[in-house]
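For reference, entry24.pdb is printed below; it contains PDB, C-alpha atoms.
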```
MODEL        1
ATOM      1  CA  MET P   1     100.388  79.530 116.496  1.00  0.00           C
ATOM      2  CA  LYS P   2      99.646  77.023 113.742  1.00  0.00           C
ATOM      3  CA  SER P   3     101.380  79.200 111.131  1.00  0.00           C
ATOM      4  CA  GLU P   4     104.516  79.378 113.321  1.00  0.00           C
ATOM      5  CA  LYS P   5     104.683  75.585 113.496  1.00  0.00           C
ATOM      6  CA  THR P   6     104.160  75.355 109.742  1.00  0.00           C
ATOM      7  CA  ASN P   7     106.853  77.974 109.161  1.00  0.00           C
ATOM      8  CA  LEU P   8     109.306  76.045 111.340  1.00  0.00           C
ATOM      9  CA  LEU P   9     108.467  72.776 109.579  1.00  0.00           C
ATOM     10  CA  VAL P  10     109.059  74.407 106.181  1.00  0.00           C
ATOM     11  CA  LYS P  11     112.447  75.751 107.305  1.00  0.00           C
ATOM     12  CA  LYS P  12     113.535  72.346 108.591  1.00  0.00           C
ATOM     13  CA  GLY P  13     112.321  70.789 105.347  1.00  0.00           C
ATOM     14  CA  LEU P  14     114.406  73.284 103.366  1.00  0.00           C
ATOM     15  CA  LEU P  15     117.473  72.364 105.412  1.00  0.00           C
ATOM     16  CA  CYS P  16     116.808  68.657 104.726  1.00  0.00           C
ATOM     17  CA  ALA P  17     116.454  69.329 101.003  1.00  0.00           C
ATOM     18  CA  LEU P  18     119.611  71.447 100.915  1.00  0.00           C
ATOM     19  CA  SER P  19     121.498  68.721 102.764  1.00  0.00           C
ATOM     20  CA  LEU P  20     120.457  66.137 100.167  1.00  0.00           C
ATOM     21  CA  VAL P  21     121.338  68.414  97.256  1.00  0.00           C
ATOM     22  CA  LEU P  22     124.784  69.076  98.737  1.00  0.00           C
ATOM     23  CA  MET P  23     125.256  65.352  99.414  1.00  0.00           C
ATOM     24  CA  TYR P  24     124.478  64.632  95.789  1.00  0.00           C
ATOM     25  CA  LEU P  25     126.459  67.486  94.198  1.00  0.00           C
ATOM     26  CA  VAL P  26     129.534  67.782  96.431  1.00  0.00           C
ATOM     27  CA  ARG P  27     131.046  64.302  96.756  1.00  0.00           C
ATOM     28  CA  PHE P  28     134.649  63.338  96.254  1.00  0.00           C
ATOM     29  CA  PRO P  29     137.168  60.976  97.843  1.00  0.00           C
ATOM     30  CA  ILE P  30     139.844  62.486 100.082  1.00  0.00           C
ATOM     31  CA  PHE P  31     142.137  59.471 100.503  1.00  0.00           C
ATOM     32  CA  PRO P  32     143.166  57.373  97.483  1.00  0.00           C
ATOM     33  CA  ALA P  33     143.577  54.339  99.788  1.00  0.00           C
ATOM     34  CA  ALA P  34     139.824  54.399 100.452  1.00  0.00           C
ATOM     35  CA  PRO P  35     138.017  55.960  97.465  1.00  0.00           C
ATOM     36  CA  TYR P  36     134.662  54.761  98.823  1.00  0.00           C
ATOM     37  CA  LEU P  37     135.037  57.256 101.712  1.00  0.00           C
ATOM     38  CA  GLU P  38     133.711  60.384 100.076  1.00  0.00           C
ATOM     39  CA  TYR P  39     133.598  63.855 101.552  1.00  0.00           C
ATOM     40  CA  ASP P  40     130.193  65.506 101.288  1.00  0.00           C
ATOM     41  CA  MET P  41     128.730  68.733 102.670  1.00  0.00           C
ATOM     42  CA  ALA P  42     125.440  67.228 103.871  1.00  0.00           C
ATOM     43  CA  ASP P  43     126.216  68.010 107.502  1.00  0.00           C
ATOM     44  CA  VAL P  44     126.471  71.775 106.943  1.00  0.00           C
ATOM     45  CA  PRO P  45     122.709  72.470 106.667  1.00  0.00           C
ATOM     46  CA  ILE P  46     122.097  69.974 109.476  1.00  0.00           C
ATOM     47  CA  LEU P  47     124.522  71.832 111.743  1.00  0.00           C
ATOM     48  CA  ILE P  48     123.006  75.187 110.796  1.00  0.00           C
ATOM     49  CA  GLY P  49     119.588  73.786 111.707  1.00  0.00           C
ATOM     50  CA  THR P  50     121.016  72.510 114.986  1.00  0.00           C
ATOM     51  CA  PHE P  51     122.459  75.907 115.879  1.00  0.00           C
ATOM     52  CA  MET P  52     119.221  77.668 114.937  1.00  0.00           C
ATOM     53  CA  TYR P  53     116.633  75.296 116.414  1.00  0.00           C
ATOM     54  CA  GLY P  54     118.506  73.140 118.957  1.00  0.00           C
ATOM     55  CA  PRO P  55     119.892  69.604 119.223  1.00  0.00           C
ATOM     56  CA  ALA P  56     116.500  67.852 119.020  1.00  0.00           C
ATOM     57  CA  ALA P  57     115.741  69.587 115.725  1.00  0.00           C
ATOM     58  CA  GLY P  58     119.236  68.697 114.502  1.00  0.00           C
ATOM     59  CA  LEU P  59     118.633  65.024 115.309  1.00  0.00           C
ATOM     60  CA  LEU P  60     115.284  65.128 113.519  1.00  0.00           C
ATOM     61  CA  ILE P  61     116.852  66.692 110.421  1.00  0.00           C
ATOM     62  CA  THR P  62     119.652  64.096 110.613  1.00  0.00           C
ATOM     63  CA  ALA P  63     117.126  61.239 110.761  1.00  0.00           C
ATOM     64  CA  VAL P  64     115.182  62.505 107.750  1.00  0.00           C
ATOM     65  CA  VAL P  65     118.349  63.117 105.725  1.00  0.00           C
ATOM     66  CA  SER P  66     119.773  59.691 106.664  1.00  0.00           C
ATOM     67  CA  ILE P  67     116.635  57.888 105.497  1.00  0.00           C
ATOM     68  CA  LEU P  68     116.478  59.880 102.264  1.00  0.00           C
ATOM     69  CA  GLN P  69     120.214  59.361 101.709  1.00  0.00           C
ATOM     70  CA  TRP P  70     119.707  55.613 101.969  1.00  0.00           C
ATOM     71  CA  LEU P  71     116.741  55.619  99.588  1.00  0.00           C
ATOM     72  CA  LEU P  72     117.699  58.291  97.046  1.00  0.00           C
ATOM     73  CA  VAL P  73     121.360  59.282  97.052  1.00  0.00           C
ATOM     74  CA  SER P  74     123.407  56.263  98.151  1.00  0.00           C
ATOM     75  CA  PRO P  75     121.266  53.173  97.658  1.00  0.00           C
ATOM     76  CA  ALA P  76     124.412  51.073  97.123  1.00  0.00           C
ATOM     77  CA  SER P  77     125.416  51.572 100.762  1.00  0.00           C
ATOM     78  CA  GLY P  78     121.902  50.497 101.790  1.00  0.00           C
ATOM     79  CA  TRP P  79     120.490  50.855 105.242  1.00  0.00           C
ATOM     80  CA  VAL P  80     123.991  50.455 106.698  1.00  0.00           C
ATOM     81  CA  GLY P  81     125.140  53.751 105.154  1.00  0.00           C
ATOM     82  CA  GLY P  82     122.018  55.532 106.363  1.00  0.00           C
ATOM     83  CA  LEU P  83     122.427  54.129 109.872  1.00  0.00           C
ATOM     84  CA  MET P  84     126.118  55.023 110.019  1.00  0.00           C
ATOM     85  CA  HIS P  85     125.288  58.546 108.814  1.00  0.00           C
ATOM     86  CA  PHE P  86     122.600  58.900 111.454  1.00  0.00           C
ATOM     87  CA  PHE P  87     124.866  57.816 114.322  1.00  0.00           C
ATOM     88  CA  ALA P  88     127.928  59.789 113.165  1.00  0.00           C
ATOM     89  CA  THR P  89     126.111  63.000 112.298  1.00  0.00           C
ATOM     90  CA  GLY P  90     123.693  62.505 115.192  1.00  0.00           C
ATOM     91  CA  GLY P  91     126.610  62.359 117.637  1.00  0.00           C
ATOM     92  CA  PHE P  92     128.115  65.466 116.055  1.00  0.00           C
ATOM     93  CA  VAL P  93     124.783  67.322 116.178  1.00  0.00           C
ATOM     94  CA  LEU P  94     123.915  66.301 119.728  1.00  0.00           C
ATOM     95  CA  VAL P  95     127.249  67.368 121.203  1.00  0.00           C
ATOM     96  CA  ALA P  96     127.554  70.544 119.117  1.00  0.00           C
ATOM     97  CA  GLY P  97     123.942  71.523 119.775  1.00  0.00           C
ATOM     98  CA  LEU P  98     124.171  71.021 123.528  1.00  0.00           C
ATOM     99  CA  ILE P  99     127.418  72.989 123.807  1.00  0.00           C
ATOM    100  CA  TYR P 100     126.189  75.822 121.582  1.00  0.00           C
ATOM    101  CA  ARG P 101     122.897  76.045 123.467  1.00  0.00           C
ATOM    102  CA  SER P 102     124.775  76.582 126.746  1.00  0.00           C
ATOM    103  CA  ARG P 103     127.533  78.779 125.250  1.00  0.00           C
ATOM    104  CA  HIS P 104     125.758  80.849 122.591  1.00  0.00           C
ATOM    105  CA  THR P 105     128.835  82.828 121.494  1.00  0.00           C
ATOM    106  CA  ARG P 106     131.371  82.662 118.661  1.00  0.00           C
ATOM    107  CA  GLY P 107     133.762  80.864 120.997  1.00  0.00           C
ATOM    108  CA  GLY P 108     130.971  78.510 122.004  1.00  0.00           C
ATOM    109  CA  ALA P 109     130.307  77.765 118.333  1.00  0.00           C
ATOM    110  CA  VAL P 110     133.984  76.952 117.753  1.00  0.00           C
ATOM    111  CA  LEU P 111     134.082  74.709 120.825  1.00  0.00           C
ATOM    112  CA  ALA P 112     130.797  73.038 119.796  1.00  0.00           C
ATOM    113  CA  LEU P 113     132.002  72.316 116.264  1.00  0.00           C
ATOM    114  CA  LEU P 114     135.386  71.058 117.459  1.00  0.00           C
ATOM    115  CA  ALA P 115     133.845  68.754 120.071  1.00  0.00           C
ATOM    116  CA  GLY P 116     131.219  67.541 117.609  1.00  0.00           C
ATOM    117  CA  SER P 117     133.897  66.704 115.025  1.00  0.00           C
ATOM    118  CA  LEU P 118     135.850  64.715 117.614  1.00  0.00           C
ATOM    119  CA  VAL P 119     132.743  62.834 118.736  1.00  0.00           C
ATOM    120  CA  MET P 120     131.801  62.010 115.137  1.00  0.00           C
ATOM    121  CA  THR P 121     135.327  60.710 114.510  1.00  0.00           C
ATOM    122  CA  ALA P 122     135.252  58.595 117.677  1.00  0.00           C
ATOM    123  CA  ILE P 123     131.846  57.147 116.772  1.00  0.00           C
ATOM    124  CA  MET P 124     132.996  56.137 113.302  1.00  0.00           C
ATOM    125  CA  VAL P 125     135.739  53.849 114.641  1.00  0.00           C
ATOM    126  CA  PRO P 126     133.445  51.237 116.245  1.00  0.00           C
ATOM    127  CA  LEU P 127     130.831  51.694 113.504  1.00  0.00           C
ATOM    128  CA  ASN P 128     133.408  50.835 110.858  1.00  0.00           C
ATOM    129  CA  LEU P 129     134.760  47.949 112.918  1.00  0.00           C
ATOM    130  CA  TYR P 130     131.287  46.471 113.146  1.00  0.00           C
ATOM    131  CA  PHE P 131     129.385  47.392 109.981  1.00  0.00           C
ATOM    132  CA  THR P 132     132.241  47.346 107.475  1.00  0.00           C
ATOM    133  CA  VAL P 133     133.229  43.884 108.670  1.00  0.00           C
ATOM    134  CA  HIS P 134     129.780  42.323 109.169  1.00  0.00           C
ATOM    135  CA  TYR P 135     127.787  43.933 106.363  1.00  0.00           C
ATOM    136  CA  ASN P 136     130.318  45.028 103.751  1.00  0.00           C
ATOM    137  CA  GLY P 137     132.377  41.852 104.021  1.00  0.00           C
ATOM    138  CA  MET P 138     135.743  43.492 104.582  1.00  0.00           C
ATOM    139  CA  PRO P 139     138.115  41.446 106.774  1.00  0.00           C
ATOM    140  CA  ALA P 140     138.428  42.768 110.349  1.00  0.00           C
ATOM    141  CA  GLU P 141     142.215  42.971 110.036  1.00  0.00           C
ATOM    142  CA  ALA P 142     141.886  45.226 106.989  1.00  0.00           C
ATOM    143  CA  VAL P 143     139.475  47.552 108.794  1.00  0.00           C
ATOM    144  CA  ARG P 144     141.689  47.685 111.900  1.00  0.00           C
ATOM    145  CA  ALA P 145     144.675  48.501 109.693  1.00  0.00           C
ATOM    146  CA  MET P 146     142.759  51.458 108.215  1.00  0.00           C
ATOM    147  CA  ILE P 147     141.652  53.051 111.510  1.00  0.00           C
ATOM    148  CA  TRP P 148     144.672  55.332 112.109  1.00  0.00           C
ATOM    149  CA  PRO P 149     145.844  56.040 108.548  1.00  0.00           C
ATOM    150  CA  VAL P 150     142.416  56.418 106.869  1.00  0.00           C
ATOM    151  CA  ILE P 151     139.232  56.308 108.998  1.00  0.00           C
ATOM    152  CA  ILE P 152     140.280  58.752 111.717  1.00  0.00           C
ATOM    153  CA  PRO P 153     141.958  61.278 109.381  1.00  0.00           C
ATOM    154  CA  PHE P 154     139.040  61.113 106.927  1.00  0.00           C
ATOM    155  CA  ASN P 155     136.464  61.852 109.623  1.00  0.00           C
ATOM    156  CA  LEU P 156     138.599  64.605 111.144  1.00  0.00           C
ATOM    157  CA  CYS P 157     138.922  66.206 107.690  1.00  0.00           C
ATOM    158  CA  LYS P 158     135.212  65.871 106.959  1.00  0.00           C
ATOM    159  CA  GLY P 159     134.208  67.201 110.376  1.00  0.00           C
ATOM    160  CA  GLY P 160     136.760  70.000 110.170  1.00  0.00           C
ATOM    161  CA  ILE P 161     135.760  71.178 106.703  1.00  0.00           C
ATOM    162  CA  ASN P 162     132.047  71.032 107.525  1.00  0.00           C
ATOM    163  CA  SER P 163     132.699  72.888 110.791  1.00  0.00           C
ATOM    164  CA  VAL P 164     134.567  75.709 109.062  1.00  0.00           C
ATOM    165  CA  VAL P 165     131.880  76.052 106.384  1.00  0.00           C
ATOM    166  CA  THR P 166     129.137  75.983 109.037  1.00  0.00           C
ATOM    167  CA  PHE P 167     130.925  78.608 111.114  1.00  0.00           C
ATOM    168  CA  LEU P 168     131.305  80.880 108.082  1.00  0.00           C
ATOM    169  CA  LEU P 169     127.725  80.455 106.841  1.00  0.00           C
ATOM    170  CA  TYR P 170     125.642  80.114 110.019  1.00  0.00           C
ATOM    171  CA  LYS P 171     124.807  83.790 110.588  1.00  0.00           C
ATOM    172  CA  ARG P 172     124.104  84.422 106.890  1.00  0.00           C
ATOM    173  CA  ALA P 173     121.908  81.329 106.614  1.00  0.00           C
ATOM    174  CA  GLY P 174     120.052  82.390 109.752  1.00  0.00           C
ATOM    175  CA  LYS P 175     119.273  85.752 108.162  1.00  0.00           C
ATOM    176  CA  VAL P 176     118.003  84.081 104.976  1.00  0.00           C
ATOM    177  CA  LEU P 177     115.855  81.589 106.891  1.00  0.00           C
ATOM    178  CA  GLY P 178     114.576  84.433 109.061  1.00  0.00           C
ATOM    179  CA  LEU P 179     113.173  86.070 105.929  1.00  0.00           C
ATOM    180  CA  ILE P 180     110.960  83.073 105.188  1.00  0.00           C
ATOM    181  CA  LYS P 181     107.643  83.753 106.853  1.00  0.00           C
ATOM    182  CA  SER P 182     104.289  82.104 106.596  1.00  0.00           C
ATOM    183  CA  LYS P 183     101.207  84.138 105.746  1.00  0.00           C
TER     184      LYS P 183
ENDMDL
END
```
As structure tokens, how would this structure be written, given the file I've shared?
Amino acid sequence: MKSEKTNLLVKKGLLCALSLVLMYLVRFPIFPAAPYLEYDMADVPILIGTFMYGPAAGLLITAVVSILQWLLVSPASGWVGGLMHFFATGGFVLVAGLIYRSRHTRGGAVLALLAGSLVMTAIMVPLNLYFTVHYNGMPAEAVRAMIWPVIIPFNLCKGGINSVVTFLLYKRAGKVLGLIKSK
């Protein structure tokens, strides 16, 4: 029993580490109007962990990655970036994990990823309206002007790309993680 818990902890730790590595290595702006909004693949291992171990595990992985992102990868965005990542990815993970748990099929996975992407996008609107104005010092009018042409499309693109990659890699990643056993 103890070795099973250790094995599960190691697998979740590997997903956290992979998420951070991808966040560090795969980062680029999508919209020239907002070069500070960078696409990254950090959510892919988190979503794989969510599909494998459930929404609570996905939220735990998200929390660990968000804290480490704040401290190690994006210290310039400070605690605000980590908090925004936690809420956005946490919303994605919670919705996707709950849907996939109840509809554990390929169609359920597609629905889960689509709904999760939409929830993440919806969450980022009020987060940007609050945090970008109050902590990053951008005028509220400027943030409101960016909601439809930049913030929503950026988050839909990010969620969509990460969903497609997750969908394509989930079964393969599950097989690889299934090979890792404790002694």
Chain and number of each residue from the PyMOL selection byres ((chain P and resi 63) around 9), as a list in words:
Gly58, Leu59, Leu60, Ile61, Thr62, Val64, Val65, Ser66, Ile67, Leu68, Gly82, Leu83, His85, Phe86 and Gly90 of chain P
(145.6, 61.8, 102.9) in this file's frame - what residues fall within 12 Å of it? Use all atoms listed in the file and give the answer as a ChimeraX atom specification.
/P:29-35,37,146,148-158
With C-alpha atoms kept, could you save the residues just selected as an mmCIF file, keeping the file's coordinate frame?
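Generated file (out27.cif):
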```cif
data_model
loop_
_atom_site.group_PDB
_atom_site.id
_atom_site.type_symbol
_atom_site.label_atom_id
_atom_site.label_comp_id
_atom_site.auth_asym_id
_atom_site.auth_seq_id
_atom_site.Cartn_x
_atom_site.Cartn_y
_atom_site.Cartn_z
ATOM 1 C CA PRO P 29 137.168 60.976 97.843
ATOM 2 C CA ILE P 30 139.844 62.486 100.082
ATOM 3 C CA PHE P 31 142.137 59.471 100.503
ATOM 4 C CA PRO P 32 143.166 57.373 97.483
ATOM 5 C CA ALA P 33 143.577 54.339 99.788
ATOM 6 C CA ALA P 34 139.824 54.399 100.452
ATOM 7 C CA PRO P 35 138.017 55.960 97.465
ATOM 8 C CA LEU P 37 135.037 57.256 101.712
ATOM 9 C CA MET P 146 142.759 51.458 108.215
ATOM 10 C CA TRP P 148 144.672 55.332 112.109
ATOM 11 C CA PRO P 149 145.844 56.040 108.548
ATOM 12 C CA VAL P 150 142.416 56.418 106.869
ATOM 13 C CA ILE P 151 139.232 56.308 108.998
ATOM 14 C CA ILE P 152 140.280 58.752 111.717
ATOM 15 C CA PRO P 153 141.958 61.278 109.381
ATOM 16 C CA PHE P 154 139.040 61.113 106.927
ATOM 17 C CA ASN P 155 136.464 61.852 109.623
ATOM 18 C CA LEU P 156 138.599 64.605 111.144
ATOM 19 C CA CYS P 157 138.922 66.206 107.690
ATOM 20 C CA LYS P 158 135.212 65.871 106.959
#
```
Can you measure CA of Leu177 in chain P to CA of Gly81 in chain P for me? One decimal in Å is fine.
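Between these atoms lies a distance of 29.4 Å.
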Within 7 Å of Leu47 in chain P using all atoms listed in the file, minus same-chain residues under 3 positions, as a list in words
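The neighbour list is Asp43, Val44, Thr50, Phe51, Gly58, Val93 and Thr166 of chain P.
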Do you have, as CSV, the list of residues of range 107-183 of chain P lying at most 12 Å from range 15-21 of chain P, each with its nearest atom pair and that distance in Å to one decimal, counting only C-alpha atoms and ordered by chain then number?
```
residue,atom,partner,partner_atom,distance
P:Asn162,CA,P:Ser19,CA,11.8
P:Ala173,CA,P:Leu15,CA,10.1
P:Gly174,CA,P:Leu15,CA,11.2
P:Val176,CA,P:Leu15,CA,11.7
P:Leu177,CA,P:Leu15,CA,9.5
```
What gap, in Å, lies between CA of Ile46 in chain P and CA of Ser74 in chain P?
17.8 Å
One decimal, Å: what's the distance from CA of Trp70 in chain P over to CA of Phe87 in chain P, could you say?
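Distance between the two atoms: 13.6 Å.
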Show which residues sit within 9 Å of range 133-142 of chain P, as a PyMOL selection string. Count all atoms listed in the file, and ignore same-chain residues fewer than 4 positions away.
chain P and resi 77+80+128-129+146
Please evaluate the PyMOL selection byres ((chain P and resi 98) around 12) against the structure above and give the resulting residues as a tab-separated table (two decimals) with C-alpha atoms, in the coordinates of the input.
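Resulting contents of expr.tsv:
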```tsv
chain	number	residue	atom	x	y	z
P	47	LEU	CA	124.52	71.83	111.74
P	50	THR	CA	121.02	72.51	114.99
P	51	PHE	CA	122.46	75.91	115.88
P	52	MET	CA	119.22	77.67	114.94
P	53	TYR	CA	116.63	75.30	116.41
P	54	GLY	CA	118.51	73.14	118.96
P	55	PRO	CA	119.89	69.60	119.22
P	56	ALA	CA	116.50	67.85	119.02
P	57	ALA	CA	115.74	69.59	115.72
P	58	GLY	CA	119.24	68.70	114.50
P	59	LEU	CA	118.63	65.02	115.31
P	90	GLY	CA	123.69	62.50	115.19
P	91	GLY	CA	126.61	62.36	117.64
P	92	PHE	CA	128.12	65.47	116.06
P	93	VAL	CA	124.78	67.32	116.18
P	94	LEU	CA	123.92	66.30	119.73
P	95	VAL	CA	127.25	67.37	121.20
P	96	ALA	CA	127.55	70.54	119.12
P	97	GLY	CA	123.94	71.52	119.78
P	99	ILE	CA	127.42	72.99	123.81
P	100	TYR	CA	126.19	75.82	121.58
P	101	ARG	CA	122.90	76.04	123.47
P	102	SER	CA	124.78	76.58	126.75
P	103	ARG	CA	127.53	78.78	125.25
P	104	HIS	CA	125.76	80.85	122.59
P	108	GLY	CA	130.97	78.51	122.00
P	109	ALA	CA	130.31	77.76	118.33
P	111	LEU	CA	134.08	74.71	120.82
P	112	ALA	CA	130.80	73.04	119.80
P	113	LEU	CA	132.00	72.32	116.26
P	115	ALA	CA	133.84	68.75	120.07
P	116	GLY	CA	131.22	67.54	117.61
```
Which residue gives the smallest distance to Leu169 in chain P among P:Leu71, P:Val26, P:Leu114, P:Ile48, with all atoms listed in the file counted?
P:Ile48
Pull range 9-101 of chain P out of the block and emit C-alpha atoms, as a PDB file, in the first residue's frame.
```
ATOM      1  CA  LEU P   9       3.411  10.635  -5.832  1.00  0.00           C
ATOM      2  CA  VAL P  10       6.418  10.047  -8.106  1.00  0.00           C
ATOM      3  CA  LYS P  11       4.199  10.047 -11.208  1.00  0.00           C
ATOM      4  CA  LYS P  12       2.520  13.297 -10.186  1.00  0.00           C
ATOM      5  CA  GLY P  13       5.942  14.777  -9.459  1.00  0.00           C
ATOM      6  CA  LEU P  14       7.117  13.778 -12.939  1.00  0.00           C
ATOM      7  CA  LEU P  15       4.091  15.494 -14.467  1.00  0.00           C
ATOM      8  CA  CYS P  16       4.869  18.650 -12.444  1.00  0.00           C
ATOM      9  CA  ALA P  17       8.492  18.585 -13.590  1.00  0.00           C
ATOM     10  CA  LEU P  18       7.507  18.020 -17.220  1.00  0.00           C
ATOM     11  CA  SER P  19       5.036  20.895 -17.003  1.00  0.00           C
ATOM     12  CA  LEU P  20       7.764  23.243 -15.757  1.00  0.00           C
ATOM     13  CA  VAL P  21      10.231  22.110 -18.415  1.00  0.00           C
ATOM     14  CA  LEU P  22       7.640  22.676 -21.149  1.00  0.00           C
ATOM     15  CA  MET P  23       6.741  26.068 -19.654  1.00  0.00           C
ATOM     16  CA  TYR P  24      10.385  27.051 -19.786  1.00  0.00           C
ATOM     17  CA  LEU P  25      11.243  25.618 -23.223  1.00  0.00           C
ATOM     18  CA  VAL P  26       8.071  26.220 -25.249  1.00  0.00           C
ATOM     19  CA  ARG P  27       7.138  29.889 -24.844  1.00  0.00           C
ATOM     20  CA  PHE P  28       6.299  32.332 -27.580  1.00  0.00           C
ATOM     21  CA  PRO P  29       3.857  35.191 -28.137  1.00  0.00           C
ATOM     22  CA  ILE P  30       0.853  34.543 -30.376  1.00  0.00           C
ATOM     23  CA  PHE P  31      -0.435  38.105 -30.805  1.00  0.00           C
ATOM     24  CA  PRO P  32       1.964  40.954 -31.643  1.00  0.00           C
ATOM     25  CA  ALA P  33      -0.416  43.407 -29.911  1.00  0.00           C
ATOM     26  CA  ALA P  34       0.300  41.678 -26.591  1.00  0.00           C
ATOM     27  CA  PRO P  35       3.774  40.085 -26.696  1.00  0.00           C
ATOM     28  CA  TYR P  36       3.668  39.515 -22.928  1.00  0.00           C
ATOM     29  CA  LEU P  37       0.901  36.917 -23.486  1.00  0.00           C
ATOM     30  CA  GLU P  38       2.984  33.878 -24.289  1.00  0.00           C
ATOM     31  CA  TYR P  39       1.737  30.467 -25.312  1.00  0.00           C
ATOM     32  CA  ASP P  40       3.238  27.633 -23.286  1.00  0.00           C
ATOM     33  CA  MET P  41       2.553  23.897 -23.097  1.00  0.00           C
ATOM     34  CA  ALA P  42       2.561  23.656 -19.292  1.00  0.00           C
ATOM     35  CA  ASP P  43      -1.086  22.616 -19.184  1.00  0.00           C
ATOM     36  CA  VAL P  44      -0.555  19.467 -21.271  1.00  0.00           C
ATOM     37  CA  PRO P  45       1.059  17.339 -18.518  1.00  0.00           C
ATOM     38  CA  ILE P  46      -1.414  18.798 -16.017  1.00  0.00           C
ATOM     39  CA  LEU P  47      -4.345  17.731 -18.195  1.00  0.00           C
ATOM     40  CA  ILE P  48      -2.832  14.284 -18.731  1.00  0.00           C
ATOM     41  CA  GLY P  49      -2.505  13.951 -14.955  1.00  0.00           C
ATOM     42  CA  THR P  50      -6.110  15.080 -14.571  1.00  0.00           C
ATOM     43  CA  PHE P  51      -7.368  12.485 -17.043  1.00  0.00           C
ATOM     44  CA  MET P  52      -5.289   9.747 -15.414  1.00  0.00           C
ATOM     45  CA  TYR P  53      -5.811  10.520 -11.721  1.00  0.00           C
ATOM     46  CA  GLY P  54      -8.911  12.752 -11.538  1.00  0.00           C
ATOM     47  CA  PRO P  55      -9.746  16.431 -11.020  1.00  0.00           C
ATOM     48  CA  ALA P  56      -8.397  16.625  -7.447  1.00  0.00           C
ATOM     49  CA  ALA P  57      -5.002  15.366  -8.605  1.00  0.00           C
ATOM     50  CA  GLY P  58      -5.126  17.832 -11.505  1.00  0.00           C
ATOM     51  CA  LEU P  59      -5.763  20.709  -9.092  1.00  0.00           C
ATOM     52  CA  LEU P  60      -2.897  19.556  -6.881  1.00  0.00           C
ATOM     53  CA  ILE P  61      -0.519  19.378  -9.850  1.00  0.00           C
ATOM     54  CA  THR P  62      -1.763  22.818 -10.964  1.00  0.00           C
ATOM     55  CA  ALA P  63      -1.079  24.291  -7.510  1.00  0.00           C
ATOM     56  CA  VAL P  64       2.459  22.908  -7.375  1.00  0.00           C
ATOM     57  CA  VAL P  65       3.242  24.045 -10.925  1.00  0.00           C
ATOM     58  CA  SER P  66       1.766  27.517 -10.282  1.00  0.00           C
ATOM     59  CA  ILE P  67       3.924  28.038  -7.195  1.00  0.00           C
ATOM     60  CA  LEU P  68       7.054  26.789  -8.953  1.00  0.00           C
ATOM     61  CA  GLN P  69       6.230  28.901 -12.019  1.00  0.00           C
ATOM     62  CA  TRP P  70       6.068  31.985  -9.820  1.00  0.00           C
ATOM     63  CA  LEU P  71       9.348  31.187  -8.066  1.00  0.00           C
ATOM     64  CA  LEU P  72      11.452  29.667 -10.854  1.00  0.00           C
ATOM     65  CA  VAL P  73      10.172  30.298 -14.368  1.00  0.00           C
ATOM     66  CA  SER P  74       8.337  33.637 -14.382  1.00  0.00           C
ATOM     67  CA  PRO P  75       9.477  35.596 -11.342  1.00  0.00           C
ATOM     68  CA  ALA P  76       8.803  38.868 -13.192  1.00  0.00           C
ATOM     69  CA  SER P  77       5.058  38.173 -13.146  1.00  0.00           C
ATOM     70  CA  GLY P  78       5.319  37.489  -9.401  1.00  0.00           C
ATOM     71  CA  TRP P  79       2.606  35.953  -7.324  1.00  0.00           C
ATOM     72  CA  VAL P  80      -0.010  37.493  -9.630  1.00  0.00           C
ATOM     73  CA  GLY P  81       1.111  35.313 -12.555  1.00  0.00           C
ATOM     74  CA  GLY P  82       1.140  32.211 -10.374  1.00  0.00           C
ATOM     75  CA  LEU P  83      -2.322  32.989  -9.010  1.00  0.00           C
ATOM     76  CA  MET P  84      -3.748  33.693 -12.461  1.00  0.00           C
ATOM     77  CA  HIS P  85      -2.234  30.430 -13.727  1.00  0.00           C
ATOM     78  CA  PHE P  86      -3.735  28.517 -10.826  1.00  0.00           C
ATOM     79  CA  PHE P  87      -7.249  29.897 -11.358  1.00  0.00           C
ATOM     80  CA  ALA P  88      -7.204  29.619 -15.169  1.00  0.00           C
ATOM     81  CA  THR P  89      -5.663  26.161 -15.364  1.00  0.00           C
ATOM     82  CA  GLY P  90      -7.520  25.072 -12.228  1.00  0.00           C
ATOM     83  CA  GLY P  91     -10.845  25.963 -13.858  1.00  0.00           C
ATOM     84  CA  PHE P  92      -9.820  24.105 -17.008  1.00  0.00           C
ATOM     85  CA  VAL P  93      -8.701  21.048 -15.018  1.00  0.00           C
ATOM     86  CA  LEU P  94     -11.736  20.949 -12.742  1.00  0.00           C
ATOM     87  CA  VAL P  95     -14.272  21.109 -15.566  1.00  0.00           C
ATOM     88  CA  ALA P  96     -12.347  18.785 -17.897  1.00  0.00           C
ATOM     89  CA  GLY P  97     -11.651  16.296 -15.111  1.00  0.00           C
ATOM     90  CA  LEU P  98     -15.252  16.152 -13.927  1.00  0.00           C
ATOM     91  CA  ILE P  99     -16.615  15.691 -17.453  1.00  0.00           C
ATOM     92  CA  TYR P 100     -14.024  13.063 -18.384  1.00  0.00           C
ATOM     93  CA  ARG P 101     -14.609  11.156 -15.150  1.00  0.00           C
TER      94      ARG P 101
END
```
